[in-house]
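Trainee: Sharing structure_20.cif here; it has mmCIF, C-alpha atoms and all ligand atoms.
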data_my_file
loop_
_atom_site.label_atom_id
_atom_site.label_comp_id
_atom_site.auth_asym_id
_atom_site.auth_seq_id
_atom_site.Cartn_x
_atom_site.Cartn_y
_atom_site.Cartn_z
CA MET A 28 -11.82 13.92 33.83
CA THR A 29 -14.70 16.36 33.46
CA GLY A 30 -18.13 16.02 35.02
CA VAL A 31 -20.36 13.98 32.76
CA LYS A 32 -23.26 16.44 32.77
CA GLU A 33 -21.02 19.38 31.86
CA LEU A 34 -19.49 17.33 29.06
CA LEU A 35 -22.87 16.29 27.66
CA GLN A 36 -24.17 19.82 27.82
CA GLU A 37 -21.34 21.04 25.60
CA LYS A 38 -22.41 18.63 22.85
CA ASP A 39 -25.29 18.28 20.40
CA HIS A 40 -25.01 14.66 19.36
CA VAL A 41 -24.67 11.46 21.39
CA PHE A 42 -23.12 8.38 19.79
CA LEU A 43 -24.29 5.40 21.80
CA ASP A 44 -22.76 1.94 21.74
CA PHE A 45 -25.40 -0.81 21.49
CA ASP A 46 -24.12 -3.95 23.27
CA GLY A 47 -23.83 -2.91 26.92
CA PRO A 48 -25.57 0.46 27.20
CA VAL A 49 -28.77 -0.46 25.29
CA CYS A 50 -28.95 -4.20 25.96
CA ASP A 51 -26.82 -7.23 26.66
CA VAL A 52 -26.79 -8.77 23.16
CA PHE A 53 -25.45 -12.19 24.09
CA ALA A 54 -27.20 -12.58 27.46
CA ARG A 55 -29.37 -15.50 26.32
CA LEU A 56 -27.52 -16.83 23.28
CA PRO A 57 -23.99 -16.73 24.74
CA ALA A 58 -21.16 -15.12 22.77
CA SER A 59 -19.05 -18.24 23.33
CA GLU A 60 -21.75 -20.39 21.69
CA VAL A 61 -21.94 -17.99 18.74
CA ALA A 62 -18.13 -18.01 18.46
CA ASP A 63 -18.13 -21.84 18.44
CA ARG A 64 -20.76 -21.94 15.70
CA LEU A 65 -18.77 -19.43 13.63
CA LYS A 66 -15.53 -21.34 14.09
CA ARG A 67 -17.13 -24.36 12.42
CA LEU A 68 -17.32 -22.30 9.23
CA ILE A 69 -13.56 -21.82 9.13
CA GLU A 70 -10.97 -24.40 8.07
CA PRO A 71 -8.84 -25.02 10.04
CA GLU A 72 -10.52 -23.95 13.27
CA VAL A 73 -7.35 -22.65 14.88
CA ILE A 74 -8.72 -19.76 16.86
CA ALA A 75 -9.13 -20.10 20.62
CA SER A 76 -11.09 -16.93 21.41
CA ALA A 77 -14.71 -17.12 22.61
CA ASP A 78 -15.45 -13.69 21.14
CA PRO A 79 -17.45 -13.80 17.87
CA PHE A 80 -15.67 -10.65 16.67
CA ASP A 81 -12.27 -12.30 17.09
CA VAL A 82 -13.56 -15.12 14.88
CA LEU A 83 -14.64 -12.52 12.30
CA ARG A 84 -11.21 -10.85 12.44
CA TYR A 85 -9.51 -14.21 12.07
CA ALA A 86 -11.76 -15.11 9.10
CA ALA A 87 -10.90 -11.77 7.47
CA SER A 88 -7.21 -12.60 7.83
CA CYS A 89 -7.92 -15.83 5.86
CA GLY A 90 -9.52 -13.90 2.99
CA PRO A 91 -12.64 -12.02 1.90
CA ASN A 92 -14.72 -15.14 1.21
CA ALA A 93 -14.21 -16.56 4.70
CA ALA A 94 -14.96 -13.15 6.18
CA HIS A 95 -18.15 -12.85 4.15
CA VAL A 96 -19.44 -16.29 5.22
CA VAL A 97 -18.67 -15.67 8.89
CA GLU A 98 -20.16 -12.17 8.86
CA ARG A 99 -23.44 -13.35 7.29
CA GLN A 100 -23.81 -16.05 9.93
CA LEU A 101 -22.86 -13.64 12.71
CA ASN A 102 -25.59 -11.35 11.39
CA ARG A 103 -28.11 -14.21 11.69
CA PHE A 104 -26.96 -15.14 15.21
CA GLU A 105 -27.15 -11.52 16.34
CA GLY A 106 -30.71 -11.40 15.04
CA GLU A 107 -31.52 -14.55 17.03
CA ALA A 108 -29.74 -13.19 20.11
CA VAL A 109 -31.52 -9.84 20.22
CA ALA A 110 -34.92 -11.49 19.80
CA LEU A 111 -34.34 -13.16 23.19
CA ILE A 112 -33.45 -10.12 25.30
CA SER A 113 -34.92 -6.92 26.74
CA PRO A 114 -33.57 -3.35 26.84
CA ALA A 115 -31.18 -2.44 29.67
CA PRO A 116 -33.11 -1.10 32.68
CA GLY A 117 -33.42 2.69 32.45
CA ILE A 118 -32.26 3.09 28.85
CA ALA A 119 -35.68 4.16 27.55
CA GLU A 120 -35.83 6.97 30.14
CA VAL A 121 -32.32 8.18 29.29
CA LEU A 122 -33.11 8.19 25.55
CA ARG A 123 -36.41 10.00 26.10
CA GLU A 124 -34.69 12.67 28.21
CA TRP A 125 -31.88 13.21 25.76
CA ARG A 126 -34.33 13.64 22.92
CA ALA A 127 -36.49 16.04 24.98
CA GLN A 128 -33.37 18.13 25.66
CA GLY A 129 -32.52 18.41 21.99
CA PHE A 130 -29.74 15.87 21.60
CA THR A 131 -29.69 13.54 18.64
CA VAL A 132 -28.75 9.95 19.42
CA THR A 133 -27.00 7.74 16.88
CA ILE A 134 -26.29 4.10 17.66
CA VAL A 135 -22.63 3.43 16.80
CA SER A 136 -21.99 -0.28 17.06
CA ASN A 137 -19.98 -3.22 15.72
CA ASN A 138 -23.19 -5.28 15.78
CA SER A 139 -25.13 -5.68 12.56
CA VAL A 140 -27.37 -2.84 11.53
CA ASP A 141 -30.19 -5.38 10.92
CA ALA A 142 -30.12 -6.75 14.46
CA ILE A 143 -30.01 -3.27 15.98
CA ARG A 144 -32.86 -1.98 13.83
CA SER A 145 -35.06 -4.95 14.68
CA PHE A 146 -34.35 -4.66 18.43
CA LEU A 147 -35.06 -0.92 18.53
CA GLY A 148 -38.29 -1.41 16.58
CA LEU A 149 -39.49 -4.29 18.72
CA HIS A 150 -38.98 -2.35 21.97
CA GLU A 151 -40.30 1.01 20.74
CA LEU A 152 -36.93 2.69 21.14
CA ALA A 153 -36.52 3.63 17.46
CA VAL A 154 -38.46 6.87 17.97
CA HIS A 155 -35.59 8.21 20.12
CA ILE A 156 -32.84 7.31 17.65
CA ARG A 157 -31.75 9.59 14.79
CA GLY A 158 -29.55 7.06 13.03
CA ILE A 159 -27.63 3.79 13.18
CA SER A 160 -23.97 3.61 12.19
CA ALA A 161 -23.20 -0.08 12.54
CA ARG A 162 -21.78 -3.14 10.78
CA THR A 163 -22.87 -3.56 7.18
CA THR A 164 -19.81 -5.32 5.75
CA SER A 165 -17.42 -8.15 6.63
CA ASP A 166 -14.38 -5.85 6.81
CA PRO A 167 -13.28 -5.63 10.47
CA ALA A 168 -11.12 -2.60 9.67
CA LEU A 169 -14.37 -0.63 9.39
CA LEU A 170 -15.38 -1.54 12.96
CA LYS A 171 -14.41 0.03 16.29
CA PRO A 172 -11.67 0.56 17.55
CA GLY A 173 -11.20 2.13 14.10
CA PRO A 174 -12.92 5.50 13.59
CA ALA A 175 -14.96 4.63 10.44
CA LEU A 176 -18.36 4.15 12.10
CA LEU A 177 -17.98 7.40 14.06
CA ASP A 178 -16.73 9.28 10.99
CA ALA A 179 -19.82 8.08 9.10
CA ALA A 180 -22.10 9.18 11.93
CA VAL A 181 -20.50 12.66 12.01
CA LYS A 182 -20.96 12.92 8.25
CA ALA A 183 -24.59 11.75 8.34
CA LEU A 184 -25.37 14.51 10.85
CA ALA A 185 -23.47 17.12 8.81
CA THR A 186 -21.70 18.16 12.00
CA SER A 187 -18.15 18.13 13.35
CA PRO A 188 -16.53 15.64 15.75
CA GLY A 189 -16.28 18.35 18.41
CA GLN A 190 -20.07 18.49 18.70
CA CYS A 191 -20.34 14.77 19.43
CA VAL A 192 -19.73 12.46 22.38
CA MET A 193 -19.40 8.66 22.30
CA VAL A 194 -20.84 6.63 25.19
CA GLY A 195 -19.61 3.05 25.37
CA ASP A 196 -18.62 0.25 27.70
CA SER A 197 -15.52 -1.12 26.04
CA ALA A 198 -11.97 -0.12 25.23
CA ALA A 199 -12.85 -0.12 21.52
CA ASP A 200 -15.39 2.69 22.11
CA ILE A 201 -12.87 4.93 23.85
CA LEU A 202 -10.15 4.25 21.28
CA ALA A 203 -12.50 4.74 18.32
CA ALA A 204 -13.73 8.04 19.77
CA ARG A 205 -10.17 9.26 20.21
CA SER A 206 -9.25 8.40 16.60
CA ALA A 207 -12.37 10.15 15.33
CA GLY A 208 -11.73 13.29 17.43
CA VAL A 209 -14.94 12.68 19.40
CA ALA A 210 -15.15 13.02 23.21
CA SER A 211 -15.83 9.82 25.13
CA ILE A 212 -17.78 8.73 28.18
CA ALA A 213 -16.95 5.29 29.51
CA LEU A 214 -19.80 3.28 31.03
CA ALA A 215 -18.13 0.93 33.51
CA LYS A 216 -20.57 -1.06 35.60
CA THR A 217 -18.03 -3.28 37.37
CA PRO A 218 -14.81 -2.48 39.28
CA SER A 219 -12.70 -4.39 36.74
CA LYS A 220 -14.22 -2.46 33.81
CA ARG A 221 -13.75 0.75 35.75
CA LYS A 222 -10.07 0.04 36.13
CA ALA A 223 -9.60 -1.04 32.50
CA LEU A 224 -11.51 1.89 30.98
CA ALA A 225 -10.12 4.56 33.33
CA ALA A 226 -6.64 3.53 32.16
CA LEU A 227 -7.61 4.64 28.64
CA ASP A 228 -8.32 8.15 29.94
CA PRO A 229 -11.85 8.75 28.63
CA ASP A 230 -13.21 12.30 28.97
CA ALA A 231 -15.62 11.06 31.64
CA LEU A 232 -16.54 7.80 33.33
CA VAL A 233 -19.85 6.70 34.80
CA THR A 234 -20.80 3.54 36.61
CA ASP A 235 -24.50 3.52 35.81
CA LEU A 236 -26.79 4.55 32.96
CA ALA A 237 -28.69 6.78 35.39
CA ASP A 238 -25.55 8.95 35.69
CA LEU A 239 -26.14 9.94 32.06
CA ARG A 240 -29.47 11.59 32.88
CA LEU A 241 -29.37 15.37 32.73
CA ALA A 242 -32.58 16.10 34.57
CA PRO A 243 -32.10 17.02 38.23
MG MG A 301 -20.40 -2.42 24.21
#
Will you turn the file into structure tokens for me?
Mentor:
Amino acid sequence: MTGVKELLQEKDHVFLDFDGPVCDVFARLPASEVADRLKRLIEPEVIASADPFDVLRYAASCGPNAAHVVERQLNRFEGEAVALISPAPGIAEVLREWRAQGFTVTIVSNNSVDAIRSFLGLHELAVHIRGISARTTSDPALLKPGPALLDAAVKALATSPGQCVMVGDSAADILAARSAGVASIALAKTPSKRKALAALDPDALVTDLADLRLAP
């Protein structure tokens, strides 16, 4: 694995995951509660997972109508969830520094574009963000770990994958980056995440947002 600063300095564009690096989306309205509410929309409720995105994937396997209903509600719950939380400590400073050093930052996230836009606006972070490539449809195939959101971000910037780096805190971020031909930096704040993400061989791994700062 390369040093994170060297890796960043080789790139022009940062793709930043939302849930984790920017904020903890389901800190106040728990993901398990959201998953339970979504499961009530599906007949029969056979899915055990407490992850709202697993419920969406399951709904999509039932058919496009079920997926649409679940995705719309998930969008609403994400909006509720992000209204209750604050930005991750230190993220504003990192974003400000990246922008000052000439990087563009695009949020690349499986969360709904509406929830992300409202959160960034509310906390005055939008000024640092060039674009948002996030969920706009109920098709889970278009979400990470697939490359579609990263491909769209590359296209929107009229650049090439080699000029971009994805920063994220889950396996899906590292896998999506690899499929899109984009370098990856894993953000692993706990020992268990560190172990899980290191096993996926990201280009770099950091344990804290502050490690992503370039200033001495
Ligand atoms: Mg995340």
Trainee: Pull the closest atom pair for each residue of chain A that gets at most 6 Å from ligand MG 301 (chain A), along with the distance in Å to one decimal, counting only C-alpha atoms and all ligand atoms, ordering rows by chain and then ascending residue number, as a tab-separated table.
Mentor:
residue	atom	partner	partner_atom	distance
A:Asp44	CA	A:MG301	MG	5.5
A:Phe45	CA	A:MG301	MG	5.9
A:Asp46	CA	A:MG301	MG	4.1
A:Gly47	CA	A:MG301	MG	4.4
A:Gly195	CA	A:MG301	MG	5.6
A:Asp196	CA	A:MG301	MG	4.7
A:Ser197	CA	A:MG301	MG	5.4
Trainee: Any chance you could export the current selection's C-alpha atoms as a PDB file, in the coordinates of the input?
Mentor:
ATOM      1  CA  ASP A  44     -22.760   1.940  21.740  1.00  0.00           C
ATOM      2  CA  PHE A  45     -25.400  -0.810  21.490  1.00  0.00           C
ATOM      3  CA  ASP A  46     -24.120  -3.950  23.270  1.00  0.00           C
ATOM      4  CA  GLY A  47     -23.830  -2.910  26.920  1.00  0.00           C
ATOM      5  CA  GLY A 195     -19.610   3.050  25.370  1.00  0.00           C
ATOM      6  CA  ASP A 196     -18.620   0.250  27.700  1.00  0.00           C
ATOM      7  CA  SER A 197     -15.520  -1.120  26.040  1.00  0.00           C
TER       8      SER A 197
END
Trainee: My list of candidates is A:Leu43, A:Ala62, A:Val52, A:Leu34. Which is closest to Asp200 in chain A when distances are computed with only C-alpha atoms?
Mentor: A:Leu43
Trainee: Produce the centre coordinates and the three edge lengths, each in Å to one decimal, of the box along x, y and z that contains all listed atoms of range 88-92 of chain A with 3 Å added on each side, as lines of an AutoDock Vina configuration file.
Mentor:
center_x = -11.0
center_y = -13.9
center_z = 4.5
size_x = 13.5
size_y = 9.8
size_z = 12.6
Trainee: Enter the distance from CA of Leu177 in chain A to CA of Val140 in chain A, in Å, rounded to one decimal.
Mentor: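 It comes out at 14.1 Å.
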Trainee: Quick one: residues within 12 Å of Arg205 in chain A, only C-alpha atoms, excluding same-chain residues fewer than 2 positions away - as a list of chain:residue names?
Mentor: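 So, after excluding close chain neighbours, the residues are A:Lys171, A:Pro172, A:Gly173, A:Pro174, A:Ala175, A:Leu177, A:Asp178, A:Pro188, A:Gly189, A:Cys191, A:Val192, A:Met193, A:Ala198, A:Ala199, A:Asp200, A:Ile201, A:Leu202, A:Ala203, A:Ala207, A:Gly208, A:Val209, A:Ala210, A:Ser211, A:Ile212, A:Leu227, A:Asp228, A:Pro229, A:Asp230.
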Trainee: Between CA of Thr133 in chain A and CA of Thr234 in chain A, what is the spacing in Å?
Mentor: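 So the answer is 21.1 Å.
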Trainee: Nearest to Asp235 in chain A among A:Val132, A:Ile69, A:Val31, A:Val96, with distances taken over all atoms listed in the file: which residue is it?
Mentor: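 Between A:Val132, A:Ile69, A:Val31, A:Val96, the residue approaching Asp235 in chain A most closely is A:Val31.
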Trainee: With distances taken over only C-alpha atoms, which residue among A:Val181, A:Ala225, A:Leu83, A:Ala215 lies nearest Ser160 in chain A?
Mentor: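 Closest to Ser160 in chain A of all the choices is A:Val181.
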Trainee: Report as a PyMOL selection string all protein, DNA and RNA residues lying within 12 Å of His155 in chain A, evaluated on only C-alpha atoms, omitting residues in the same chain fewer than 5 positions from it.
Mentor: chain A and resi 41+43+118-134+147-148+150
Trainee: Which residue is closest to Ser145 in chain A? Choose from A:Ala226, A:Ala110, A:Val49, A:Leu239 and count only C-alpha atoms.
Mentor: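 Checking each candidate against Ser145 in chain A, we get A:Ala110 as the closest.
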Trainee: Between A:Ala94, A:Ile143, A:Ala87, A:Leu101, which has the minimum distance to Glu60 in chain A (counting all atoms listed in the file)?
Mentor: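 Of the candidates, the smallest distance to Glu60 in chain A is held by A:Leu101.
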Trainee: For Leu152 in chain A, which residue among A:Leu241, A:Ala231, A:Ala115, A:Val61 is the nearest when counting only C-alpha atoms?
Mentor: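 Counting only C-alpha atoms, the residue closest to Leu152 in chain A is A:Ala115.
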Trainee: Which value, in Å to one decimal, gives the distance between CA of Ala77 in chain A and CA of Asp63 in chain A?
Mentor: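 If I compute the distance from CA of Ala77 in chain A to CA of Asp63 in chain A, I get 7.2 Å.
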Trainee: Could you pull the residues within 12 Å of Pro79 in chain A, counting only C-alpha atoms, minus those fewer than 6 positions along the same chain, as a PyMOL selection string?
Mentor: chain A and resi 52-53+56-67+85-86+94+97-98+100-102+104-105+137-138+167
Trainee: Limited to C-alpha atoms, could you put the picked residues into a file as a PDB file, in the coordinates of the input?
Mentor:
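Output file out-v4.pdb follows:
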ATOM      1  CA  VAL A  52     -26.790  -8.770  23.160  1.00  0.00           C
ATOM      2  CA  PHE A  53     -25.450 -12.190  24.090  1.00  0.00           C
ATOM      3  CA  LEU A  56     -27.520 -16.830  23.280  1.00  0.00           C
ATOM      4  CA  PRO A  57     -23.990 -16.730  24.740  1.00  0.00           C
ATOM      5  CA  ALA A  58     -21.160 -15.120  22.770  1.00  0.00           C
ATOM      6  CA  SER A  59     -19.050 -18.240  23.330  1.00  0.00           C
ATOM      7  CA  GLU A  60     -21.750 -20.390  21.690  1.00  0.00           C
ATOM      8  CA  VAL A  61     -21.940 -17.990  18.740  1.00  0.00           C
ATOM      9  CA  ALA A  62     -18.130 -18.010  18.460  1.00  0.00           C
ATOM     10  CA  ASP A  63     -18.130 -21.840  18.440  1.00  0.00           C
ATOM     11  CA  ARG A  64     -20.760 -21.940  15.700  1.00  0.00           C
ATOM     12  CA  LEU A  65     -18.770 -19.430  13.630  1.00  0.00           C
ATOM     13  CA  LYS A  66     -15.530 -21.340  14.090  1.00  0.00           C
ATOM     14  CA  ARG A  67     -17.130 -24.360  12.420  1.00  0.00           C
ATOM     15  CA  TYR A  85      -9.510 -14.210  12.070  1.00  0.00           C
ATOM     16  CA  ALA A  86     -11.760 -15.110   9.100  1.00  0.00           C
ATOM     17  CA  ALA A  94     -14.960 -13.150   6.180  1.00  0.00           C
ATOM     18  CA  VAL A  97     -18.670 -15.670   8.890  1.00  0.00           C
ATOM     19  CA  GLU A  98     -20.160 -12.170   8.860  1.00  0.00           C
ATOM     20  CA  GLN A 100     -23.810 -16.050   9.930  1.00  0.00           C
ATOM     21  CA  LEU A 101     -22.860 -13.640  12.710  1.00  0.00           C
ATOM     22  CA  ASN A 102     -25.590 -11.350  11.390  1.00  0.00           C
ATOM     23  CA  PHE A 104     -26.960 -15.140  15.210  1.00  0.00           C
ATOM     24  CA  GLU A 105     -27.150 -11.520  16.340  1.00  0.00           C
ATOM     25  CA  ASN A 137     -19.980  -3.220  15.720  1.00  0.00           C
ATOM     26  CA  ASN A 138     -23.190  -5.280  15.780  1.00  0.00           C
ATOM     27  CA  PRO A 167     -13.280  -5.630  10.470  1.00  0.00           C
TER      28      PRO A 167
END
Trainee: Complete range 210-228 of chain A with N, CA and C atoms (output as a PDB file, keeping the file's coordinate frame).
Mentor:
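Result saved to result-v4.pdb:
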ATOM      1  N   ALA A 210     -15.300  13.227  21.762  1.00  0.00           N
ATOM      2  CA  ALA A 210     -15.150  13.020  23.210  1.00  0.00           C
ATOM      3  C   ALA A 210     -15.757  11.675  23.602  1.00  0.00           C
ATOM      4  N   SER A 211     -15.320  11.133  24.743  1.00  0.00           N
ATOM      5  CA  SER A 211     -15.830   9.820  25.130  1.00  0.00           C
ATOM      6  C   SER A 211     -16.266   9.781  26.589  1.00  0.00           C
ATOM      7  N   ILE A 212     -17.327   9.037  26.820  1.00  0.00           N
ATOM      8  CA  ILE A 212     -17.780   8.730  28.180  1.00  0.00           C
ATOM      9  C   ILE A 212     -17.785   7.222  28.319  1.00  0.00           C
ATOM     10  N   ALA A 213     -16.997   6.732  29.272  1.00  0.00           N
ATOM     11  CA  ALA A 213     -16.950   5.290  29.510  1.00  0.00           C
ATOM     12  C   ALA A 213     -18.065   4.910  30.477  1.00  0.00           C
ATOM     13  N   LEU A 214     -18.783   3.842  30.127  1.00  0.00           N
ATOM     14  CA  LEU A 214     -19.800   3.280  31.030  1.00  0.00           C
ATOM     15  C   LEU A 214     -19.194   2.003  31.607  1.00  0.00           C
ATOM     16  N   ALA A 215     -18.847   2.054  32.882  1.00  0.00           N
ATOM     17  CA  ALA A 215     -18.130   0.930  33.510  1.00  0.00           C
ATOM     18  C   ALA A 215     -18.922   0.469  34.720  1.00  0.00           C
ATOM     19  N   LYS A 216     -19.663  -0.631  34.543  1.00  0.00           N
ATOM     20  CA  LYS A 216     -20.570  -1.060  35.600  1.00  0.00           C
ATOM     21  C   LYS A 216     -19.890  -1.915  36.668  1.00  0.00           C
ATOM     22  N   THR A 217     -18.710  -2.431  36.382  1.00  0.00           N
ATOM     23  CA  THR A 217     -18.030  -3.280  37.370  1.00  0.00           C
ATOM     24  C   THR A 217     -16.667  -2.679  37.710  1.00  0.00           C
ATOM     25  N   PRO A 218     -16.125  -3.024  38.898  1.00  0.00           N
ATOM     26  CA  PRO A 218     -14.810  -2.480  39.280  1.00  0.00           C
ATOM     27  C   PRO A 218     -13.718  -2.819  38.268  1.00  0.00           C
ATOM     28  N   SER A 219     -13.773  -4.025  37.678  1.00  0.00           N
ATOM     29  CA  SER A 219     -12.700  -4.390  36.740  1.00  0.00           C
ATOM     30  C   SER A 219     -12.806  -3.560  35.451  1.00  0.00           C
ATOM     31  N   LYS A 220     -14.052  -3.326  35.001  1.00  0.00           N
ATOM     32  CA  LYS A 220     -14.220  -2.460  33.810  1.00  0.00           C
ATOM     33  C   LYS A 220     -13.780  -1.038  34.118  1.00  0.00           C
ATOM     34  N   ARG A 221     -14.104  -0.607  35.345  1.00  0.00           N
ATOM     35  CA  ARG A 221     -13.750   0.750  35.750  1.00  0.00           C
ATOM     36  C   ARG A 221     -12.249   0.951  35.637  1.00  0.00           C
ATOM     37  N   LYS A 222     -11.525  -0.042  36.135  1.00  0.00           N
ATOM     38  CA  LYS A 222     -10.070   0.040  36.130  1.00  0.00           C
ATOM     39  C   LYS A 222      -9.552   0.038  34.681  1.00  0.00           C
ATOM     40  N   ALA A 223     -10.088  -0.887  33.881  1.00  0.00           N
ATOM     41  CA  ALA A 223      -9.600  -1.040  32.500  1.00  0.00           C
ATOM     42  C   ALA A 223      -9.912   0.204  31.668  1.00  0.00           C
ATOM     43  N   LEU A 224     -11.122   0.746  31.818  1.00  0.00           N
ATOM     44  CA  LEU A 224     -11.510   1.890  30.980  1.00  0.00           C
ATOM     45  C   LEU A 224     -10.881   3.191  31.476  1.00  0.00           C
ATOM     46  N   ALA A 225     -10.747   3.338  32.795  1.00  0.00           N
ATOM     47  CA  ALA A 225     -10.120   4.560  33.330  1.00  0.00           C
ATOM     48  C   ALA A 225      -8.685   4.663  32.824  1.00  0.00           C
ATOM     49  N   ALA A 226      -8.031   3.524  32.639  1.00  0.00           N
ATOM     50  CA  ALA A 226      -6.640   3.530  32.160  1.00  0.00           C
ATOM     51  C   ALA A 226      -6.520   4.095  30.752  1.00  0.00           C
ATOM     52  N   LEU A 227      -7.631   4.103  30.011  1.00  0.00           N
ATOM     53  CA  LEU A 227      -7.610   4.640  28.640  1.00  0.00           C
ATOM     54  C   LEU A 227      -7.906   6.140  28.616  1.00  0.00           C
ATOM     55  N   ASP A 228      -8.123   6.709  29.811  1.00  0.00           N
ATOM     56  CA  ASP A 228      -8.320   8.150  29.940  1.00  0.00           C
ATOM     57  C   ASP A 228      -9.470   8.710  29.108  1.00  0.00           C
TER      58      ASP A 228
END
